[in-house]
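Content type compact mmCIF, C-alpha atoms, from the file final23.txt:
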```txt
# COMPACT_ATOMS: atom_id res chain seq x y z
CA GLY T 1 70.33 105.51 69.47
CA ASP T 2 71.75 102.83 71.76
CA LEU T 3 69.87 102.02 74.94
CA ASN T 4 71.65 103.22 78.04
CA PHE T 5 71.19 104.98 81.36
CA GLU T 6 71.32 108.21 79.42
CA ASP T 7 67.84 107.37 78.13
CA LEU T 8 66.57 108.38 81.59
CA THR T 9 66.35 112.00 82.60
CA GLU T 10 68.70 113.06 85.37
CA GLU T 11 65.79 113.15 87.81
CA GLU T 12 64.59 109.65 86.79
CA ALA T 13 68.09 108.18 87.12
CA GLN T 14 68.62 109.75 90.52
CA ALA T 15 65.21 108.56 91.74
CA PHE T 16 65.83 105.02 90.48
CA HIS T 17 69.21 104.66 92.16
CA SER T 18 67.99 106.37 95.31
CA GLU T 19 65.23 103.81 95.65
CA LEU T 20 67.66 100.96 95.03
CA LYS T 21 70.09 102.28 97.66
CA ARG T 22 67.33 102.78 100.22
CA GLY T 23 65.96 99.32 99.53
CA VAL T 24 62.55 100.65 98.52
CA LEU T 25 62.41 98.45 95.42
CA GLY T 26 63.26 95.32 97.37
CA GLN T 27 61.08 95.76 100.44
CA THR T 28 58.89 92.82 99.48
CA LEU T 29 61.93 90.54 99.27
CA GLY T 30 63.43 88.68 102.19
CA PRO T 31 67.06 89.02 103.28
CA TRP T 32 69.42 87.95 100.52
CA GLU T 33 72.79 86.27 100.93
CA PRO T 34 75.08 85.95 97.89
CA TRP T 35 75.22 82.36 96.69
CA TRP T 36 78.98 82.57 96.13
CA GLN T 37 79.52 82.92 99.89
CA HIS T 38 78.44 79.31 100.36
CA ALA T 39 80.99 76.54 100.03
CA ALA T 40 78.75 74.26 97.93
CA VAL T 41 80.14 73.65 94.45
CA VAL T 42 78.34 71.73 91.72
CA GLU T 43 79.44 70.32 88.39
CA MET T 44 78.04 71.03 84.95
CA ASP T 45 75.15 68.72 84.06
CA LEU T 46 75.94 67.17 80.67
CA ASP T 47 72.34 65.98 80.31
CA THR T 48 71.06 69.57 80.21
CA LEU T 49 73.11 70.62 77.18
CA ASP T 50 70.03 71.03 74.98
CA ASP T 51 67.67 72.21 77.70
CA GLY T 52 66.37 75.73 78.14
CA PRO T 53 67.72 78.28 80.65
CA THR T 54 67.95 77.19 84.28
CA ASP T 55 67.99 79.26 87.44
CA ALA T 56 71.62 80.29 87.14
CA SER T 57 71.63 82.05 90.50
CA SER T 58 70.90 78.85 92.39
CA SER T 59 73.92 77.34 94.12
CA THR T 60 72.63 73.80 93.45
CA ALA T 61 70.82 73.92 90.09
CA PRO T 62 72.65 72.09 87.28
CA LEU T 63 74.19 74.41 84.72
CA PRO T 64 73.93 73.73 80.98
CA LEU T 65 77.29 72.85 79.42
CA PRO T 66 78.55 75.77 77.29
CA GLN T 67 79.83 75.01 73.83
CA HIS T 68 83.56 75.45 73.36
CA ILE T 69 83.50 78.56 71.15
CA CYS T 70 86.26 80.63 72.73
CA CYS T 71 89.23 79.12 70.90
CA PRO T 72 88.11 77.45 67.66
CA GLY T 73 90.68 75.48 65.73
CA GLY T 74 92.97 75.29 68.73
CA ARG T 75 93.78 78.99 68.62
CA GLU T 76 95.05 80.47 71.86
CA VAL T 77 92.68 82.79 73.71
CA HIS T 78 93.90 86.39 73.93
CA ALA T 79 94.98 87.42 77.43
CA SER T 80 92.47 90.28 77.46
CA VAL T 81 89.56 87.81 77.49
CA ALA T 82 90.27 86.91 81.12
CA PHE T 83 90.28 90.59 82.09
CA THR T 84 86.95 91.19 80.35
CA ALA T 85 85.48 88.19 82.19
CA LEU T 86 86.86 89.63 85.42
CA GLU T 87 85.08 92.92 84.71
CA VAL T 88 81.79 91.12 84.11
CA LEU T 89 82.09 89.12 87.33
CA TYR T 90 82.55 92.34 89.30
CA ALA T 91 79.63 93.95 87.47
CA TYR T 92 77.50 90.88 88.18
CA ALA T 93 78.25 90.99 91.91
CA HIS T 94 77.50 94.72 92.00
CA THR T 95 74.23 94.24 90.11
CA MET T 96 73.11 91.41 92.37
CA ARG T 97 73.76 93.49 95.48
CA ALA T 98 72.10 96.56 93.98
CA PHE T 99 68.99 94.51 93.17
CA ASN T 100 69.02 92.54 96.43
CA GLY T 101 69.68 89.32 94.55
CA GLU T 102 66.48 89.50 92.49
CA TRP T 103 66.57 91.15 89.09
CA SER T 104 63.70 89.33 87.36
CA TRP T 105 61.21 92.07 88.29
CA ASP T 106 63.09 94.45 85.96
CA PRO T 107 65.65 92.63 83.78
CA LEU T 108 66.15 95.69 81.58
CA GLN T 109 67.31 97.96 84.40
CA ALA T 110 69.45 95.16 85.83
CA ALA T 111 71.08 94.53 82.46
CA LEU T 112 71.71 98.24 81.95
CA HIS T 113 73.34 98.40 85.36
CA LEU T 114 75.55 95.42 84.55
CA LEU T 115 76.54 96.70 81.11
CA GLN T 116 77.24 100.19 82.44
CA LEU T 117 79.90 98.63 84.67
CA ALA T 118 81.09 95.92 82.26
CA SER T 119 81.71 98.41 79.49
CA ALA T 120 83.93 96.06 77.46
CA VAL T 121 80.97 93.76 76.75
CA CYS T 122 79.33 96.08 74.22
CA SER T 123 82.49 97.71 72.92
CA ARG T 124 85.90 96.84 71.51
CA LYS T 125 87.65 97.89 74.70
CA GLN T 126 90.47 95.60 75.81
CA TYR T 127 92.43 95.59 79.05
CA ASP T 128 96.14 94.94 79.36
CA SER T 129 96.09 93.90 83.02
CA ALA T 130 93.81 92.97 85.89
CA GLY T 131 94.69 96.22 87.61
CA GLN T 132 93.67 98.32 84.62
CA CYS T 133 90.39 96.38 84.39
CA LEU T 134 89.57 96.76 88.09
CA HIS T 135 90.34 100.48 88.22
CA ALA T 136 88.14 101.02 85.16
CA VAL T 137 85.16 99.12 86.57
CA LEU T 138 85.51 100.87 89.94
CA ALA T 139 85.49 104.22 88.14
CA SER T 140 82.34 103.16 86.30
CA ALA T 141 80.69 102.17 89.58
CA ALA T 142 81.52 105.55 91.13
CA ALA T 143 80.11 107.32 88.06
CA LEU T 144 76.70 105.59 88.09
CA PRO T 145 73.75 107.98 87.78
CA GLY T 146 72.44 109.26 91.08
CA GLY T 147 75.87 109.23 92.68
CA GLY T 148 76.39 105.47 92.59
CA PHE T 149 76.03 103.21 95.60
CA GLY T 150 78.96 104.49 97.61
CA ALA T 151 82.59 103.46 97.96
CA GLY T 152 81.69 100.94 100.65
CA LEU T 153 79.56 98.78 98.36
CA ASP T 154 81.99 99.20 95.46
CA THR T 155 84.79 97.88 97.69
CA LEU T 156 82.61 95.08 99.08
CA CYS T 157 82.10 93.84 95.53
CA LEU T 158 85.87 93.44 95.20
CA GLU T 159 85.68 91.02 98.13
CA ASP T 160 82.78 89.28 96.35
CA LEU T 161 84.90 89.00 93.22
CA ALA T 162 87.82 87.49 95.14
CA ARG T 163 85.44 84.97 96.75
CA MET T 164 84.14 83.93 93.35
CA LEU T 165 87.66 83.40 92.05
CA CYS T 166 88.80 81.28 94.98
CA ARG T 167 85.55 79.30 95.34
CA GLY T 168 86.44 77.03 92.45
CA GLY T 169 84.23 74.64 90.54
CA ASP T 170 81.82 76.26 88.11
CA THR T 171 81.51 79.52 90.09
CA GLY T 172 82.76 81.87 87.38
CA ALA T 173 80.74 80.10 84.69
CA ARG T 174 77.61 80.17 86.86
CA ALA T 175 77.89 83.92 87.42
CA LEU T 176 78.53 84.58 83.73
CA ARG T 177 75.61 82.34 82.82
CA GLU T 178 73.24 84.40 84.96
CA ALA T 179 74.63 87.61 83.48
CA LEU T 180 73.89 86.16 80.04
CA VAL T 181 70.35 85.16 81.04
CA MET T 182 69.82 88.66 82.45
CA VAL T 183 70.85 90.38 79.22
CA GLU T 184 68.81 87.96 77.11
CA ALA T 185 65.75 88.67 79.26
CA ALA T 186 66.34 92.40 78.84
CA ALA T 187 66.57 92.04 75.05
CA LYS T 188 63.31 90.09 75.04
CA ALA T 189 61.58 92.72 77.19
CA VAL T 190 62.67 95.51 74.85
CA ALA T 191 61.73 93.56 71.71
CA GLU T 192 58.25 92.93 73.09
CA GLY T 193 57.78 96.57 74.06
CA GLU T 194 56.36 99.39 72.01
CA GLY T 195 58.30 99.93 68.79
CA GLY T 196 60.22 96.67 69.04
CA GLY T 197 63.44 98.13 70.40
CA GLY T 198 65.45 98.48 67.17
CA LYS T 199 69.04 99.45 67.93
CA ALA T 200 68.54 98.85 71.64
CA VAL T 201 67.68 95.19 71.05
CA ALA T 202 70.62 94.81 68.67
CA ARG T 203 72.99 96.20 71.30
CA LEU T 204 71.69 93.86 73.98
CA GLN T 205 71.93 90.90 71.60
CA ARG T 206 75.55 91.79 70.82
CA GLY T 207 76.21 91.91 74.53
CA ALA T 208 74.62 88.48 74.95
CA LYS T 209 76.89 87.04 72.24
CA LYS T 210 79.96 88.43 74.02
CA LEU T 211 78.77 86.98 77.32
CA GLU T 212 78.23 83.60 75.67
CA PHE T 213 81.85 83.71 74.51
CA LEU T 214 83.06 84.64 78.02
CA LEU T 215 80.97 81.84 79.53
CA SER T 216 82.66 79.36 77.22
CA PHE T 217 86.05 80.72 78.27
CA ALA T 218 85.29 80.50 82.00
CA PHE T 219 84.12 76.90 81.74
CA HIS T 220 86.73 75.51 79.37
CA HIS T 221 89.71 77.39 80.89
CA THR T 222 88.99 76.87 84.57
CA ASP T 223 92.46 77.86 85.82
CA ASP T 224 92.72 81.26 84.15
CA LEU T 225 90.32 83.32 86.28
CA PRO T 226 91.38 81.98 89.72
CA ARG T 227 94.93 83.09 88.94
CA LEU T 228 93.71 86.70 89.10
CA GLU T 229 92.59 86.46 92.73
CA PRO T 230 95.85 87.92 94.19
CA GLN T 231 95.52 91.03 92.00
CA VAL T 232 91.90 91.48 93.09
CA ARG T 233 92.81 91.16 96.76
CA ALA T 234 95.67 93.61 96.30
CA VAL T 235 93.30 96.25 94.90
CA HIS T 236 90.82 95.47 97.69
CA THR T 237 93.51 95.94 100.35
CA THR T 238 94.60 99.23 98.81
CA ARG T 239 91.01 100.49 98.71
CA CYS T 240 90.46 99.55 102.36
CA GLU T 241 93.67 101.29 103.42
CA GLU T 242 92.76 104.41 101.47
CA SER T 243 89.35 104.42 103.15
CA ARG T 244 90.96 104.08 106.59
CA LEU T 245 93.31 106.98 105.91
CA ARG T 246 90.43 109.16 104.71
CA GLU T 247 88.47 108.41 107.86
CA GLU T 248 91.47 109.28 110.02
CA GLU T 249 91.96 112.56 108.18
CA GLU T 250 88.29 113.41 108.54
CA GLY T 251 88.53 112.59 112.22
CA ARG T 252 91.50 114.93 112.65
CA ARG T 253 89.68 117.78 110.95
CA ALA T 254 86.60 117.17 113.08
CA HIS T 255 88.55 117.06 116.35
CA GLY T 256 91.05 119.86 115.98
CA GLY T 257 93.92 117.84 114.52
CA VAL T 258 93.68 114.96 116.99
CA ALA T 259 93.29 111.54 115.42
CA VAL T 260 90.26 109.71 116.84
CA PRO T 261 90.08 105.95 116.24
CA ALA T 262 87.11 104.84 114.15
CA ARG T 263 84.42 103.09 116.16
```

Take the structure in the file and give it back as structure tokens.
Amino acid sequence: GDLNFEDLTEEEAQAFHSELKRGVLGQTLGPWEPWWQHAAVVEMDLDTLDDGPTDASSSTAPLPLPQHICCPGGREVHASVAFTALEVLYAYAHTMRAFNGEWSWDPLQAALHLLQLASAVCSRKQYDSAGQCLHAVLASAAALPGGGFGAGLDTLCLEDLARMLCRGGDTGARALREALVMVEAAAKAVAEGEGGGGKAVARLQRGAKKLEFLLSFAFHHTDDLPRLEPQVRAVHTTRCEESRLREEEEGRRAHGGVAVPAR
């Protein structure tokens, strides 16, 4: 069958995510700061069009120019494409934080994490709005095996997403490029493993093709994704307010009905 988190036993999935959340798997790594929090913006390097993959996570490395495959023959791109790209950008931010910015030690698990959240990549799912997309990906994050990473990190990744959208330049394309490289590396790892992967490799390769299409869209339609920033910030604000109200209610219950300000 298809490769997914369900291939792990419940105990294996819980142990894996527990170690990620506790930082056990990243203890040998130094502190990591998301590259999209830096103001530096670079342009696509036209000279690298035919070169191999670069370090897409670097905030200064030149990025290969994607081919314009998203709207052949001048056809207009469907509105749902932007929402799928939005979902992938959130999933990318969540994956990078879950893996402390370094996924190369286990590209397969990183890709599975990303594709579990960005469920439209390997399916025919389409979103009608940014809100529908964001609520779906947040639900997927909360449903991750092992109990997920907590509402706090899920909400933080909304802030990451908004930062990516407002940062400008090639930010969206750079993130999608690294997501593509991640999935390609996972497909290679499975193909080189025992049995050759079969359907699992095919699924990852389909996901890579979809990501290649989204990368083309993000680069050649640079204004479409930044327009979604207000919707992302609106969902982020709502999540933060809901969290504050929950904390106040918990405080009341813990202190005999008296609201105690959060410290």

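CA of Arg177 (chain T) is found 16.8 Å from CA of Phe83 (chain T).
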
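If all atoms listed in the file are the atoms counted, then among T:Ala91, T:Gly147, T:Glu250, T:Pro66 the closest residue to Cys133 (chain T) is T:Ala91.
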
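In this comparison, which uses all atoms listed in the file, the residue of T:Gly73, T:Pro34, T:Pro64, T:Gly150 approaching Arg97 (chain T) most closely is T:Pro34.
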
Suppose you want the space between CA of Ala234 (chain T) and CA of His220 (chain T); what is it in Å?
26.3 Å

Students should find that CA of Cys70 (chain T) and CA of Ser123 (chain T) are spaced 17.5 Å

Compile the contact shell of region 187-192 of chain T as a list in words: residues with an atom at most 10 Å away, counting all atoms listed in the file, same-chain residues fewer than 6 positions apart removed.
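The filter keeps Leu3, Asp106, Pro107, Leu108, Ala111, Val181, Gly198, Ala200, Val201, Ala202, Arg203, Leu204, Gln205, Arg206, Gly207 and Ala208 of chain T.
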
Name the residues in contact with Ala39 (chain T) at a cut-off of 12 Å, using only C-alpha atoms, excluding same-chain residues fewer than 6 positions from it; report them as a ChimeraX atom specification.
/T:59-60,163-164,166-171

Would you put the residues from that selection into a file with C-alpha atoms, as a PDB file, keeping the file's coordinate frame?
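The file below, part_0.pdb, is the result:
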```pdb
ATOM      1  CA  SER T  59      73.920  77.340  94.120  1.00  0.00           C
ATOM      2  CA  THR T  60      72.630  73.800  93.450  1.00  0.00           C
ATOM      3  CA  ARG T 163      85.440  84.970  96.750  1.00  0.00           C
ATOM      4  CA  MET T 164      84.140  83.930  93.350  1.00  0.00           C
ATOM      5  CA  CYS T 166      88.800  81.280  94.980  1.00  0.00           C
ATOM      6  CA  ARG T 167      85.550  79.300  95.340  1.00  0.00           C
ATOM      7  CA  GLY T 168      86.440  77.030  92.450  1.00  0.00           C
ATOM      8  CA  GLY T 169      84.230  74.640  90.540  1.00  0.00           C
ATOM      9  CA  ASP T 170      81.820  76.260  88.110  1.00  0.00           C
ATOM     10  CA  THR T 171      81.510  79.520  90.090  1.00  0.00           C
TER      11      THR T 171
END
```

Taking only C-alpha atoms into account, name the residue in T:Ala173, T:His94, T:Ala162, T:Ala141 that is nearest to Pro230 (chain T).
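Nearest candidate to Pro230 (chain T) out of T:Ala173, T:His94, T:Ala162, T:Ala141: T:Ala162.
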
Pick the closest to Ala151 (chain T) from T:Glu248, T:Phe213, T:Arg75, T:Leu138: which is it, counting only C-alpha atoms?
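Closest to Ala151 (chain T), using only C-alpha atoms: T:Leu138.
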
Enumerate, as a ChimeraX atom specification, the protein, DNA and RNA residues whose atoms approach (69.5, 88.5, 87.9) to within 12 Å, taking into account all atoms listed in the file and the coordinate frame of the file.
/T:34,54-58,91-114,174-186

Extract, using all atoms listed in the file, all DNA, RNA and protein residues at most 7 Å from Ala120 (chain T), discarding same-chain residues fewer than 5 positions from it, and format them as a ChimeraX atom specification.
/T:84,125-126

To test the calculation: enclose all listed atoms of region 233-249 of chain T in a box whose edges run along x, y and z, add 6 Å on each side, then state centre and edge lengths in Å to one decimal, as AutoDock Vina command-line options.
```
--center_x 92.1 --center_y 101.9 --center_z 102.5 --size_x 19.2 --size_y 33.4 --size_z 27.1
```
